[in-house]
file entry30.txt (compact mmCIF, C-alpha atoms)
# COMPACT_ATOMS: atom_id res chain seq x y z
CA ASP A 79 -101.84 -14.83 -33.88
CA ALA A 80 -99.44 -15.61 -36.71
CA GLY A 81 -97.00 -12.93 -35.67
CA VAL A 82 -95.57 -10.30 -37.98
CA ILE A 83 -95.69 -11.46 -41.58
CA GLN A 84 -93.25 -10.30 -44.21
CA SER A 85 -93.05 -11.01 -47.90
CA PRO A 86 -91.16 -11.95 -49.87
CA ARG A 87 -88.69 -13.83 -47.68
CA HIS A 88 -86.01 -13.59 -50.33
CA GLU A 89 -85.65 -11.17 -53.22
CA VAL A 90 -82.96 -11.09 -55.85
CA THR A 91 -83.09 -8.24 -58.31
CA GLU A 92 -80.89 -6.32 -60.66
CA MET A 93 -79.58 -2.85 -60.08
CA GLY A 94 -82.06 -0.21 -61.17
CA GLN A 95 -85.14 -2.30 -60.58
CA GLU A 96 -87.93 -1.36 -58.19
CA VAL A 97 -88.27 -3.47 -55.07
CA THR A 98 -91.32 -3.60 -52.81
CA LEU A 99 -91.22 -5.26 -49.41
CA ARG A 100 -94.44 -6.01 -47.56
CA CYS A 101 -95.37 -6.32 -43.93
CA LYS A 102 -98.48 -7.31 -41.99
CA PRO A 103 -98.15 -6.35 -38.31
CA ILE A 104 -99.73 -8.18 -35.41
CA SER A 105 -103.42 -7.36 -35.17
CA GLY A 106 -104.09 -4.61 -32.66
CA HIS A 107 -100.55 -3.25 -32.63
CA ASP A 108 -100.42 0.47 -33.23
CA TYR A 109 -96.70 0.87 -33.93
CA LEU A 110 -94.84 -0.45 -36.95
CA PHE A 111 -91.09 -0.25 -37.55
CA TRP A 112 -88.88 -0.92 -40.56
CA TYR A 113 -85.26 -1.91 -39.90
CA ARG A 114 -82.32 -2.77 -42.11
CA GLN A 115 -79.58 -5.15 -40.95
CA THR A 116 -76.14 -5.48 -42.48
CA MET A 117 -72.83 -6.77 -41.17
CA MET A 118 -71.25 -3.35 -41.52
CA ARG A 119 -73.97 -1.16 -40.04
CA GLY A 120 -75.83 -3.52 -37.75
CA LEU A 121 -79.55 -3.04 -37.10
CA GLU A 122 -80.72 0.38 -38.29
CA LEU A 123 -84.17 1.88 -37.80
CA LEU A 124 -85.39 3.27 -41.12
CA ILE A 125 -88.85 4.57 -40.26
CA TYR A 126 -91.68 3.97 -37.84
CA PHE A 127 -95.42 4.56 -37.88
CA ASN A 128 -97.97 5.16 -35.16
CA ASN A 129 -101.60 4.53 -36.08
CA ASN A 130 -100.57 4.41 -39.75
CA VAL A 131 -98.89 7.83 -39.61
CA PRO A 132 -95.12 8.11 -40.20
CA ILE A 133 -93.55 9.51 -37.05
CA ASP A 134 -89.83 9.43 -37.73
CA ASP A 135 -88.23 8.73 -41.10
CA SER A 136 -84.82 10.15 -40.26
CA GLY A 137 -83.27 6.74 -40.81
CA MET A 138 -84.38 6.46 -44.41
CA PRO A 139 -81.11 6.51 -46.36
CA GLU A 140 -82.19 8.64 -49.30
CA ASP A 141 -85.02 9.51 -51.61
CA ARG A 142 -84.84 6.13 -53.30
CA PHE A 143 -86.50 4.69 -50.19
CA SER A 144 -90.16 5.25 -49.39
CA ALA A 145 -92.58 3.62 -46.96
CA LYS A 146 -96.33 3.65 -46.69
CA MET A 147 -98.92 2.31 -44.30
CA PRO A 148 -102.32 2.62 -45.98
CA ASN A 149 -104.10 0.81 -43.14
CA ALA A 150 -103.47 -0.79 -39.79
CA SER A 151 -102.75 -4.20 -41.25
CA PHE A 152 -100.36 -3.45 -44.09
CA SER A 153 -97.17 -1.56 -44.81
CA THR A 154 -94.74 -1.40 -47.70
CA LEU A 155 -91.13 -0.37 -48.06
CA LYS A 156 -90.16 0.53 -51.61
CA ILE A 157 -86.74 1.04 -53.10
CA GLN A 158 -86.62 2.66 -56.52
CA PRO A 159 -84.16 2.37 -58.15
CA SER A 160 -82.34 -0.32 -56.21
CA GLU A 161 -78.55 -0.40 -55.91
CA PRO A 162 -76.14 -3.17 -54.83
CA ARG A 163 -75.45 -1.35 -51.56
CA ASP A 164 -79.12 -1.83 -50.63
CA SER A 165 -78.46 -5.55 -50.21
CA ALA A 166 -79.41 -6.40 -46.63
CA VAL A 167 -82.00 -8.09 -44.48
CA TYR A 168 -85.02 -5.86 -43.95
CA PHE A 169 -87.09 -6.46 -40.84
CA CYS A 170 -90.53 -5.22 -40.01
CA ALA A 171 -91.55 -5.09 -36.34
CA SER A 172 -94.69 -4.07 -34.51
CA SER A 173 -95.56 -3.18 -30.95
CA SER A 174 -98.50 -2.06 -28.87
CA SER A 175 -98.73 1.00 -26.66
CA SER A 176 -101.47 -0.57 -24.55
CA GLY A 177 -101.67 -3.62 -22.35
CA SER A 178 -98.25 -4.83 -21.31
CA SER A 179 -95.96 -2.11 -20.06
CA TYR A 180 -93.05 -3.64 -21.89
CA ASN A 181 -93.91 -2.26 -25.35
CA GLU A 182 -91.66 -4.96 -26.72
CA GLN A 183 -91.16 -5.13 -30.43
CA PHE A 184 -92.19 -8.27 -32.29
CA PHE A 185 -90.07 -8.83 -35.37
CA GLY A 186 -91.04 -10.51 -38.59
CA PRO A 187 -88.80 -13.15 -40.22
CA GLY A 188 -87.22 -10.54 -42.48
CA THR A 189 -86.73 -10.16 -46.22
CA ARG A 190 -83.25 -10.94 -47.52
CA LEU A 191 -82.66 -8.57 -50.44
CA THR A 192 -79.85 -9.07 -52.90
CA VAL A 193 -79.29 -6.44 -55.58
CA LEU A 194 -76.96 -7.58 -58.35
CA GLY B 226 -78.11 11.47 -32.05
CA GLN B 227 -78.23 8.74 -29.50
CA GLN B 228 -75.63 6.03 -29.88
CA VAL B 229 -75.59 2.65 -28.17
CA MET B 230 -72.39 0.64 -28.20
CA GLN B 231 -71.85 -2.92 -27.07
CA ILE B 232 -68.69 -4.77 -26.17
CA PRO B 233 -67.34 -7.17 -27.05
CA GLN B 234 -68.35 -7.44 -30.68
CA TYR B 235 -67.64 -11.18 -30.70
CA GLN B 236 -67.12 -13.72 -27.95
CA HIS B 237 -66.17 -17.38 -28.16
CA VAL B 238 -66.59 -19.39 -24.98
CA GLN B 239 -66.26 -23.02 -24.03
CA GLU B 240 -69.55 -24.59 -23.07
CA GLY B 241 -70.02 -24.18 -19.33
CA GLU B 242 -68.08 -20.90 -19.14
CA ASP B 243 -69.74 -17.62 -18.25
CA PHE B 244 -70.38 -14.79 -20.69
CA THR B 245 -71.01 -11.07 -20.27
CA THR B 246 -71.89 -8.36 -22.75
CA TYR B 247 -71.88 -4.67 -21.91
CA CYS B 248 -74.04 -1.93 -23.34
CA ASN B 249 -73.28 1.79 -23.15
CA SER B 250 -75.44 4.68 -24.25
CA SER B 251 -74.27 8.18 -25.12
CA THR B 252 -77.35 9.59 -23.41
CA THR B 253 -79.48 8.80 -20.37
CA LEU B 254 -82.13 6.18 -21.08
CA SER B 255 -85.68 5.84 -19.82
CA ASN B 256 -85.47 2.07 -20.21
CA ILE B 257 -83.45 -0.59 -21.91
CA GLN B 258 -84.53 -3.78 -23.65
CA TRP B 259 -82.54 -6.87 -24.53
CA TYR B 260 -83.09 -9.02 -27.59
CA LYS B 261 -81.57 -12.27 -28.85
CA GLN B 262 -81.15 -13.12 -32.51
CA ARG B 263 -80.33 -16.69 -33.41
CA PRO B 264 -78.24 -17.28 -36.56
CA GLY B 265 -80.48 -16.75 -39.57
CA GLY B 266 -83.34 -15.61 -37.37
CA HIS B 267 -84.90 -12.41 -36.19
CA PRO B 268 -84.48 -10.48 -32.91
CA VAL B 269 -86.62 -11.81 -30.09
CA PHE B 270 -87.41 -9.79 -26.98
CA LEU B 271 -85.88 -11.05 -23.75
CA ILE B 272 -86.51 -8.43 -21.08
CA GLN B 273 -86.92 -4.75 -20.25
CA LEU B 274 -85.26 -2.83 -17.42
CA VAL B 275 -86.69 0.48 -16.25
CA LYS B 276 -85.38 1.42 -12.82
CA SER B 277 -81.95 2.74 -11.96
CA GLY B 278 -79.80 -0.09 -10.61
CA GLU B 279 -82.42 -2.70 -11.51
CA VAL B 280 -81.37 -6.36 -11.67
CA LYS B 281 -83.51 -9.08 -13.24
CA LYS B 282 -82.89 -12.77 -13.69
CA GLN B 283 -84.18 -15.29 -16.18
CA LYS B 284 -82.80 -18.71 -15.29
CA ARG B 285 -79.09 -18.48 -16.19
CA LEU B 286 -79.38 -14.91 -17.54
CA THR B 287 -78.84 -11.86 -15.31
CA PHE B 288 -79.61 -8.37 -16.57
CA GLN B 289 -78.49 -5.14 -14.90
CA PHE B 290 -79.32 -1.50 -15.51
CA GLY B 291 -76.74 1.02 -14.34
CA GLU B 292 -77.35 3.57 -11.62
CA ALA B 293 -77.00 6.42 -14.10
CA LYS B 294 -79.28 4.64 -16.59
CA LYS B 295 -76.64 4.92 -19.30
CA ASN B 296 -75.32 1.38 -19.26
CA SER B 297 -76.49 -2.18 -18.92
CA SER B 298 -75.11 -5.68 -18.92
CA LEU B 299 -76.22 -9.21 -19.65
CA HIS B 300 -74.48 -12.09 -17.92
CA ILE B 301 -75.01 -15.74 -18.81
CA THR B 302 -73.88 -18.33 -16.29
CA ALA B 303 -72.63 -21.70 -17.52
CA THR B 304 -73.28 -21.18 -21.21
CA GLN B 305 -74.95 -23.85 -23.31
CA THR B 306 -74.94 -24.36 -27.06
CA THR B 307 -78.51 -23.08 -27.14
CA ASP B 308 -77.18 -19.67 -26.05
CA VAL B 309 -75.51 -19.16 -29.43
CA GLY B 310 -76.64 -16.00 -31.18
CA THR B 311 -76.30 -12.24 -31.19
CA TYR B 312 -77.45 -10.29 -28.17
CA PHE B 313 -78.67 -6.74 -28.67
CA CYS B 314 -79.51 -4.09 -26.17
CA ALA B 315 -82.00 -1.43 -27.27
CA GLY B 316 -82.22 1.84 -25.42
CA LYS B 317 -85.18 4.18 -25.30
CA GLY B 318 -84.34 7.81 -24.79
CA THR B 319 -86.13 10.10 -22.40
CA GLY B 320 -88.03 11.79 -25.21
CA GLY B 321 -90.12 10.34 -27.99
CA TYR B 322 -92.27 7.30 -27.65
CA GLN B 323 -91.51 3.77 -28.74
CA LYS B 324 -88.40 4.55 -30.72
CA VAL B 325 -85.43 2.58 -29.44
CA THR B 326 -81.86 2.59 -30.61
CA PHE B 327 -80.35 -0.84 -31.00
CA GLY B 328 -76.83 -1.48 -29.87
CA THR B 329 -74.14 -2.89 -32.12
CA GLY B 330 -74.69 -6.40 -30.76
CA THR B 331 -72.46 -9.09 -29.31
CA LYS B 332 -72.18 -12.31 -31.24
CA LEU B 333 -71.76 -15.30 -28.93
CA GLN B 334 -70.31 -18.58 -30.09
CA VAL B 335 -70.31 -21.52 -27.68
CA ILE B 336 -67.82 -24.29 -28.32
CA PRO B 337 -69.12 -27.70 -27.21

call {"tool": "encode", "arguments": {"input": "entry30.txt", "output": "structure tokens"}}
result
Amino acid sequence: DAGVIQSPRHEVTEMGQEVTLRCKPISGHDYLFWYRQTMMRGLELLIYFNNNVPIDDSGMPEDRFSAKMPNASFSTLKIQPSEPRDSAVYFCASSSSSGSSYNEQFFGPGTRLTVL
Amino acid sequence: GQQVMQIPQYQHVQEGEDFTTYCNSSTTLSNIQWYKQRPGGHPVFLIQLVKSGEVKKQKRLTFQFGEAKKNSSLHITATQTTDVGTYFCAGKGTGGYQKVTFGTGTKLQVIP
């Protein structure tokens, strides 16, 4: 398996523009997580899905952020409009509730977002 | 909400010295996971502890889970330059499935 795939790896955009981050979880995993990492706030959970259904979005900063998971192999995180304070590394992670009892999370390589 | 703090925030050690990071949760945990993130990389799972007082070893790494299941530690014996990175604990509360709260992380720098 290729692991969790994220695109783009780097994104530079101007304030006010719409940004869409994409994630393909590991095949067979039924949980998908979106995190944001910054020096100031560390690693924050934004939202997570179980079987494509959003379970907890309490970490989503504000209405400018939205996430979807239309099927088991694809998820998007959208920021509209983007602001400079959204600059961060965004990670997608997936895990499985079956098989290993560890339920460890497998992280993608991240998308480094810079909003000018 | 649940908070997970780690100390120290940063640690510089001479190669060959030992290193310990401590993790403390504001609430009782059902289990705790540890992850390592290399500079410029992504978090990678190391281990999970479930039982009160549990101790697990991975080569030079020793992980402990406190008796009250509110704290944990990671100890590295005789650090090597390959140990450089940020170590995160991630605690799962007693309610809700799969959601873990990541600690603030300890950034380890090993001086050759």

call {"tool": "residues_around", "arguments": {"input": "entry30.txt", "residues": "B:Thr245", "least_positions_apart": "4", "cutoff": "8 Å", "atoms": "all atoms listed in the file", "output": "VMD selection string"}}
result
chain B and resid 298 to 301

call {"tool": "residues_around", "arguments": {"input": "entry30.txt", "residues": "B:Thr311", "least_positions_apart": "4", "cutoff": "6 Å", "atoms": "all atoms listed in the file", "output": "MDAnalysis selection string"}}
result
chainID B and resid 261:262 331:333

call {"tool": "closest_residue", "arguments": {"input": "entry30.txt", "among": "A:Pro132, A:Gly186, A:Gly137, A:Gly120", "to": "B:Tyr312", "atoms": "only C-alpha atoms"}}
result
A:Gly120

call {"tool": "closest_atom_pairs", "arguments": {"input": "entry30.txt", "of": "chain B", "to": "chain A", "cutoff": "10 Å", "atoms": "only C-alpha atoms", "output": "CSV"}}
result
residue,atom,partner,partner_atom,distance
B:Asn256,CA,A:Tyr180,CA,9.6
B:Gln258,CA,A:Glu182,CA,7.9
B:Trp259,CA,A:Glu182,CA,9.6
B:Tyr260,CA,A:Gln183,CA,9.4
B:Gly265,CA,A:Pro187,CA,9.1
B:Gly266,CA,A:Pro187,CA,6.6
B:His267,CA,A:Pro187,CA,5.7
B:Pro268,CA,A:Phe185,CA,6.3
B:Val269,CA,A:Phe184,CA,7.0
B:Phe270,CA,A:Glu182,CA,6.4
B:Leu271,CA,A:Glu182,CA,8.9
B:Ile272,CA,A:Tyr180,CA,8.1
B:Gln273,CA,A:Tyr180,CA,6.4
B:Leu274,CA,A:Tyr180,CA,9.0
B:Val275,CA,A:Tyr180,CA,9.4
B:Phe313,CA,A:Leu121,CA,9.2
B:Gly321,CA,A:Ile133,CA,9.7
B:Tyr322,CA,A:Ser175,CA,9.1
B:Gln323,CA,A:Asn181,CA,7.3
B:Lys324,CA,A:Tyr126,CA,7.9
B:Val325,CA,A:Leu123,CA,8.5
B:Thr326,CA,A:Leu123,CA,7.6
B:Phe327,CA,A:Leu121,CA,6.5
B:Gly328,CA,A:Leu121,CA,7.9
B:Thr329,CA,A:Gly120,CA,5.9
B:Gly330,CA,A:Gly120,CA,7.6

call {"tool": "closest_residue", "arguments": {"input": "entry30.txt", "among": "A:Ile157, A:Ser176, A:Ala145, A:Ile83", "to": "A:Val97", "atoms": "only C-alpha atoms"}}
result
A:Ile157

call {"tool": "residues_around", "arguments": {"input": "entry30.txt", "residues": "stretch 99-106 of chain A", "least_positions_apart": "5", "cutoff": "8 Å", "atoms": "all atoms listed in the file", "output": "PyMOL selection string"}}
result
chain A and resi 79-86+150-156+170-174+189

call {"tool": "closest_residue", "arguments": {"input": "entry30.txt", "among": "B:Gln334, B:Val229, B:Lys295, B:Gln236", "to": "B:Leu254", "atoms": "only C-alpha atoms"}}
result
B:Lys295

call {"tool": "atom_distance", "arguments": {"input": "entry30.txt", "atom1": "atom CA of A:Asn130", "atom2": "atom CA of A:His88"}}
result
25.5 Å

call {"tool": "closest_residue", "arguments": {"input": "entry30.txt", "among": "B:Val335, B:Ile232, B:Val280, B:Ile257", "to": "B:Ala303", "atoms": "all atoms listed in the file"}}
result
B:Val335

call {"tool": "atom_distance", "arguments": {"input": "entry30.txt", "atom1": "atom CA of B:Gly310", "atom2": "atom CA of B:Ser250"}}
result
21.8 Å

call {"tool": "atom_distance", "arguments": {"input": "entry30.txt", "atom1": "atom CA of A:Pro162", "atom2": "atom CA of A:Thr98"}}
result
15.3 Å

call {"tool": "residues_around", "arguments": {"input": "entry30.txt", "residues": "A:Ser160", "least_positions_apart": "6", "cutoff": "6 Å", "atoms": "all atoms listed in the file", "output": "list in words"}}
result
Met93, Gly94 and Gln95 of chain A

call {"tool": "closest_residue", "arguments": {"input": "entry30.txt", "among": "B:Ser297, B:Gln228, B:Thr304, B:Thr319", "to": "B:Thr246", "atoms": "only C-alpha atoms"}}
result
B:Ser297

call {"tool": "residues_around", "arguments": {"input": "entry30.txt", "residues": "B:Gly291", "least_positions_apart": "5", "cutoff": "7 Å", "atoms": "all atoms listed in the file", "output": "list in words"}}
result
Ser277, Gly278, Asn296 and Ser297 of chain B

call {"tool": "closest_residue", "arguments": {"input": "entry30.txt", "among": "A:Glu96, A:Glu89, A:Asp135, A:Glu140", "to": "A:Tyr113", "atoms": "all atoms listed in the file"}}
result
A:Asp135

call {"tool": "axis_aligned_box", "arguments": {"input": "entry30.txt", "around": "stretch 306-316 of chain B", "padding_each_side": "4 Å", "output": "lines of an AutoDock Vina configuration file"}}
result
center_x = -78.6
center_y = -11.3
center_z = -28.3
size_x = 15.3
size_y = 34.2
size_z = 13.8

call {"tool": "decode", "arguments": {"input": "entry30.txt", "residues": "stretch 81-100 of chain A", "atoms": "N, CA and C atoms", "output": "short mmCIF file (atom, residue, chain, number, x, y, z; two decimals), in the first residue's frame"}}
result
data_model
loop_
_atom_site.label_atom_id
_atom_site.label_comp_id
_atom_site.auth_asym_id
_atom_site.auth_seq_id
_atom_site.Cartn_x
_atom_site.Cartn_y
_atom_site.Cartn_z
N GLY A 81 0.34 4.03 1.37
CA GLY A 81 0.19 4.88 2.54
C GLY A 81 -0.83 5.96 2.26
N VAL A 82 -0.96 6.89 3.19
CA VAL A 82 -1.89 8.01 3.03
C VAL A 82 -1.28 8.99 2.03
N ILE A 83 -2.09 9.39 1.07
CA ILE A 83 -1.61 10.29 0.03
C ILE A 83 -2.29 11.64 0.18
N GLN A 84 -1.48 12.69 0.16
CA GLN A 84 -2.02 14.04 0.24
C GLN A 84 -1.54 14.87 -0.94
N SER A 85 -2.41 15.76 -1.38
CA SER A 85 -2.01 16.70 -2.42
C SER A 85 -2.73 18.03 -2.22
N PRO A 86 -2.10 19.13 -2.63
CA PRO A 86 -0.71 19.20 -3.05
C PRO A 86 0.23 19.08 -1.85
N ARG A 87 1.50 18.96 -2.06
CA ARG A 87 2.46 18.91 -0.97
C ARG A 87 2.78 20.32 -0.48
N HIS A 88 2.74 21.25 -1.39
CA HIS A 88 2.97 22.65 -1.04
C HIS A 88 1.93 23.50 -1.77
N GLU A 89 1.44 24.53 -1.06
CA GLU A 89 0.47 25.43 -1.66
C GLU A 89 0.76 26.83 -1.17
N VAL A 90 0.95 27.73 -2.12
CA VAL A 90 1.12 29.14 -1.79
C VAL A 90 -0.02 29.89 -2.46
N THR A 91 -0.74 30.66 -1.69
CA THR A 91 -1.89 31.36 -2.22
C THR A 91 -1.98 32.74 -1.59
N GLU A 92 -2.83 33.55 -2.15
CA GLU A 92 -3.01 34.89 -1.62
C GLU A 92 -4.26 34.95 -0.74
N MET A 93 -4.20 35.81 0.22
CA MET A 93 -5.33 36.00 1.12
C MET A 93 -6.62 36.20 0.33
N GLY A 94 -7.67 35.51 0.77
CA GLY A 94 -8.96 35.64 0.12
C GLY A 94 -9.25 34.54 -0.89
N GLN A 95 -8.23 33.82 -1.29
CA GLN A 95 -8.42 32.75 -2.26
C GLN A 95 -8.95 31.49 -1.59
N GLU A 96 -9.59 30.66 -2.36
CA GLU A 96 -10.06 29.36 -1.88
C GLU A 96 -8.93 28.34 -2.00
N VAL A 97 -8.80 27.52 -0.97
CA VAL A 97 -7.77 26.48 -0.96
C VAL A 97 -8.45 25.14 -0.73
N THR A 98 -8.08 24.14 -1.50
CA THR A 98 -8.61 22.79 -1.32
C THR A 98 -7.47 21.80 -1.15
N LEU A 99 -7.48 21.12 -0.02
CA LEU A 99 -6.48 20.10 0.26
C LEU A 99 -7.14 18.73 0.10
N ARG A 100 -6.37 17.78 -0.41
CA ARG A 100 -6.93 16.48 -0.75
C ARG A 100 -6.22 15.36 -0.03
#
